[in-house]
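Student: You'll find my_file_34.pdb just under this line, and it carries PDB, C-alpha atoms.
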ATOM      1  CA  MET C 183     -57.146-225.640 -63.881
ATOM      2  CA  THR C 184     -53.511-224.588 -63.993
ATOM      3  CA  SER C 185     -53.535-224.514 -67.774
ATOM      4  CA  GLU C 186     -56.626-222.281 -67.746
ATOM      5  CA  LEU C 187     -54.971-219.641 -65.549
ATOM      6  CA  VAL C 188     -51.708-219.859 -67.512
ATOM      7  CA  SER C 189     -53.566-219.642 -70.840
ATOM      8  CA  ASN C 190     -55.447-216.563 -69.642
ATOM      9  CA  ALA C 191     -52.190-214.903 -68.583
ATOM     10  CA  TYR C 192     -50.689-215.666 -71.995
ATOM     11  CA  GLN C 193     -53.713-214.620 -74.060
ATOM     12  CA  HIS C 194     -54.910-211.564 -72.155
ATOM     13  CA  THR C 195     -51.766-209.886 -70.829
ATOM     14  CA  LYS C 196     -48.538-208.554 -72.232
ATOM     15  CA  GLY C 197     -45.167-209.360 -70.771
ATOM     16  CA  PRO C 198     -44.012-212.045 -68.387
ATOM     17  CA  SER C 199     -46.005-214.394 -66.206
ATOM     18  CA  SER C 200     -45.075-217.155 -63.798
ATOM     19  CA  VAL C 201     -46.496-220.225 -62.073
ATOM     20  CA  ARG C 202     -45.773-221.381 -58.541
ATOM     21  CA  LEU C 203     -46.972-224.528 -56.780
ATOM     22  CA  VAL C 204     -47.043-224.631 -52.981
ATOM     23  CA  ALA C 205     -47.691-227.740 -50.896
ATOM     24  CA  LEU C 206     -49.805-226.787 -47.879
ATOM     25  CA  TYR C 207     -50.773-228.558 -44.671
ATOM     26  CA  GLY C 208     -53.035-231.594 -44.875
ATOM     27  CA  GLY C 209     -52.090-232.614 -48.409
ATOM     28  CA  ARG C 210     -53.431-229.438 -50.002
ATOM     29  CA  LEU C 211     -51.897-227.835 -53.086
ATOM     30  CA  ARG C 212     -52.103-224.126 -53.933
ATOM     31  CA  VAL C 213     -51.330-223.031 -57.491
ATOM     32  CA  PHE C 214     -50.445-219.377 -58.115
ATOM     33  CA  VAL C 215     -50.284-217.716 -61.537
ATOM     34  CA  TRP C 216     -48.828-214.210 -61.653
ATOM     35  CA  ASP C 217     -49.080-211.807 -64.582
ATOM     36  CA  GLY C 218     -48.393-208.121 -65.046
ATOM     37  CA  SER C 219     -51.972-207.026 -65.753
ATOM     38  CA  PRO C 220     -53.834-205.324 -62.899
ATOM     39  CA  TYR C 221     -57.216-206.509 -64.274
ATOM     40  CA  VAL C 222     -58.944-208.924 -61.873
ATOM     41  CA  PRO C 223     -61.704-210.955 -63.550
ATOM     42  CA  PRO C 224     -65.007-210.378 -61.714
ATOM     43  CA  SER C 225     -65.359-214.107 -61.029
ATOM     44  CA  PHE C 226     -62.093-214.079 -59.045
ATOM     45  CA  GLY C 227     -62.589-210.742 -57.297
ATOM     46  CA  GLU C 228     -63.323-212.280 -53.904
ATOM     47  CA  VAL C 229     -61.904-215.350 -52.181
ATOM     48  CA  SER C 230     -64.469-218.133 -52.225
ATOM     49  CA  VAL C 231     -64.727-221.511 -50.563
ATOM     50  CA  ALA C 232     -66.852-224.483 -51.663
ATOM     51  CA  PRO C 233     -69.759-225.285 -51.397
ATOM     52  CA  SER C 234     -70.478-221.729 -52.632
ATOM     53  CA  ARG C 235     -70.566-222.772 -56.280
ATOM     54  CA  PRO C 236     -70.630-220.238 -59.092
ATOM     55  CA  VAL C 237     -73.452-219.671 -61.552
ATOM     56  CA  PRO C 238     -72.526-220.829 -65.076
ATOM     57  CA  PRO C 239     -72.112-218.193 -67.772
ATOM     58  CA  ALA C 240     -75.042-217.554 -70.086
ATOM     59  CA  ALA C 241     -75.167-219.739 -73.205
ATOM     60  CA  ASP C 242     -74.602-216.760 -75.515
ATOM     61  CA  VAL C 243     -71.495-215.477 -73.682
ATOM     62  CA  GLU C 244     -68.269-216.052 -75.619
ATOM     63  CA  HIS C 245     -65.836-215.919 -72.661
ATOM     64  CA  GLY C 246     -65.737-216.909 -69.006
ATOM     65  CA  ARG C 247     -66.271-220.636 -69.163
ATOM     66  CA  GLY C 248     -62.685-221.515 -68.256
ATOM     67  CA  LEU C 249     -62.673-219.523 -65.030
ATOM     68  CA  PHE C 250     -66.113-220.936 -64.272
ATOM     69  CA  LEU C 251     -64.620-224.439 -64.501
ATOM     70  CA  VAL C 252     -61.724-223.469 -62.220
ATOM     71  CA  ARG C 253     -64.196-222.123 -59.663
ATOM     72  CA  GLN C 254     -66.376-225.213 -60.066
ATOM     73  CA  CYS C 255     -63.516-227.700 -59.546
ATOM     74  CA  ALA C 256     -61.264-225.945 -57.007
ATOM     75  CA  ASP C 257     -61.866-226.052 -53.272
ATOM     76  CA  ARG C 258     -60.814-222.400 -52.882
ATOM     77  CA  TRP C 259     -59.836-219.674 -55.335
ATOM     78  CA  GLY C 260     -59.048-216.004 -55.427
ATOM     79  CA  CYS C 261     -56.982-213.189 -56.855
ATOM     80  CA  TRP C 262     -54.761-210.626 -55.191
ATOM     81  CA  PRO C 263     -54.005-207.392 -57.036
ATOM     82  CA  LEU C 264     -50.367-206.425 -56.524
ATOM     83  CA  GLU C 265     -48.984-202.937 -56.178
ATOM     84  CA  GLY C 266     -45.714-202.069 -57.914
ATOM     85  CA  GLY C 267     -42.734-203.913 -56.465
ATOM     86  CA  SER C 268     -44.623-206.813 -54.858
ATOM     87  CA  LEU C 269     -42.798-210.118 -55.257
ATOM     88  CA  GLY C 270     -39.983-208.228 -56.967
ATOM     89  CA  ARG C 271     -41.930-208.368 -60.248
ATOM     90  CA  GLY C 272     -43.752-205.065 -60.358
ATOM     91  CA  GLY C 273     -47.533-204.851 -60.202
ATOM     92  CA  GLY C 274     -50.122-207.082 -61.721
ATOM     93  CA  LYS C 275     -52.158-209.780 -60.041
ATOM     94  CA  LEU C 276     -51.728-213.179 -58.468
ATOM     95  CA  MET C 277     -54.564-215.602 -59.282
ATOM     96  CA  TRP C 278     -54.679-218.824 -57.287
ATOM     97  CA  PHE C 279     -56.659-221.930 -56.439
ATOM     98  CA  GLU C 280     -56.398-224.793 -53.928
ATOM     99  CA  VAL C 281     -57.220-228.473 -54.222
ATOM    100  CA  GLY C 282     -56.855-231.669 -52.197
ATOM    101  CA  GLY C 283     -56.819-232.680 -48.555
ATOM    102  CA  GLU C 284     -59.105-231.183 -45.943
ATOM    103  CA  VAL C 285     -60.532-227.675 -46.410
ATOM    104  CA  ALA C 286     -59.838-225.658 -43.251
TER     105      ALA C 286
END
Can you turn what I pasted into structure tokens?

Tutor:
Amino acid sequence: MTSELVSNAYQHTKGPSSVRLVALYGGRLRVFVWDGSPYVPPSFGEVSVAPSRPVPPAADVEHGRGLFLVRQCADRWGCWPLEGGSLGRGGGKLMWFEVGGEVA
């Protein structure tokens, strides 16, 4: 799942990106991937929590399967658009997902 978000940042944005792992309460792990593009993929536009599982992309669609798999496997996921100056990195977005432990 991490490699999917990192690969998307590398392939679809220009400039720097970064990854951050945060250990949360109850044995949970949250993975953040920041990039400088303000574009939020529609599938990550709203925070979601399982068991609300996504609908798979149509068979003839060439893109979107990777984020579908992240949404399918993660317990929670989302994306926060960032205004200029947030996190000291300028604008862009922060995509994230959580796994492990108990879902609160």

Student: Can you give me, as a list in words, the residues this file yields under the PyMOL selection byres ((chain C and resi 211-213) around 9)?

Tutor: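 In the shown coordinates, the PyMOL selection byres ((chain C and resi 211-213) around 9) covers Thr184, Val201, Arg202, Leu203, Val204, Ala205, Leu206, Tyr207, Gly209, Arg210, Phe214, Val215, Arg258, Met277, Trp278, Phe279, Glu280, Val281, Gly282 and Gly283 of chain C.
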
Student: For a test of reading the model, state the distance in Å between CA of Gln193 in chain C and CA of Val222 in chain C, rounded to one decimal.

Tutor: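 Atom-to-atom, CA of Gln193 in chain C to CA of Val222 in chain C, that is 14.4 Å.
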
Student: With distances taken over all atoms listed in the file, which of C:Phe226, C:Tyr221, C:Phe250, C:Trp259 is nearest to Gly273 in chain C?

Tutor: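 Closest to Gly273 in chain C of all the choices is C:Tyr221.
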
Student: Identify all residues satisfying the PyMOL selection byres ((chain C and resi 223) around 12) in the given file; provide them as a list of chain:residue names.

Tutor: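 Selection result, ordered by chain and number: C:Leu187, C:Asn190, C:Ala191, C:His194, C:Ser219, C:Pro220, C:Tyr221, C:Val222, C:Pro224, C:Ser225, C:Phe226, C:Gly227, C:Glu228, C:His245, C:Gly246, C:Gly248, C:Leu249, C:Phe250, C:Gly260, C:Cys261, C:Trp262, C:Pro263, C:Lys275, C:Leu276, C:Met277.
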
Student: Could you tell me how far CA of Trp216 in chain C sits from CA of Pro198 in chain C, in Å to one decimal place?

Tutor: 8.6 Å

Student: As an exercise, work out the distance from CA of Leu251 in chain C to CA of Gly197 in chain C in Å and give it to one decimal place.

Tutor: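 Pair CA of Leu251 in chain C / CA of Gly197 in chain C returns 25.4 Å.
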
Student: Would you place a box with edges along x, y and z of the file around all atoms of range 200-216 of chain C listed there, add 3 Å to each of its six sides, and report the centre and edge lengths in Å to one decimal, as JSON?

Tutor:
{"center_x": -49.3, "center_y": -223.4, "center_z": -54.2, "size_x": 14.4, "size_y": 24.4, "size_z": 25.1}

Student: Considering all atoms listed in the file, state which residue in the set C:Gly274, C:Asp217, C:Glu186, C:Gly208 is at the smallest distance from Arg247 in chain C.

Tutor: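 Closest candidate: C:Glu186.
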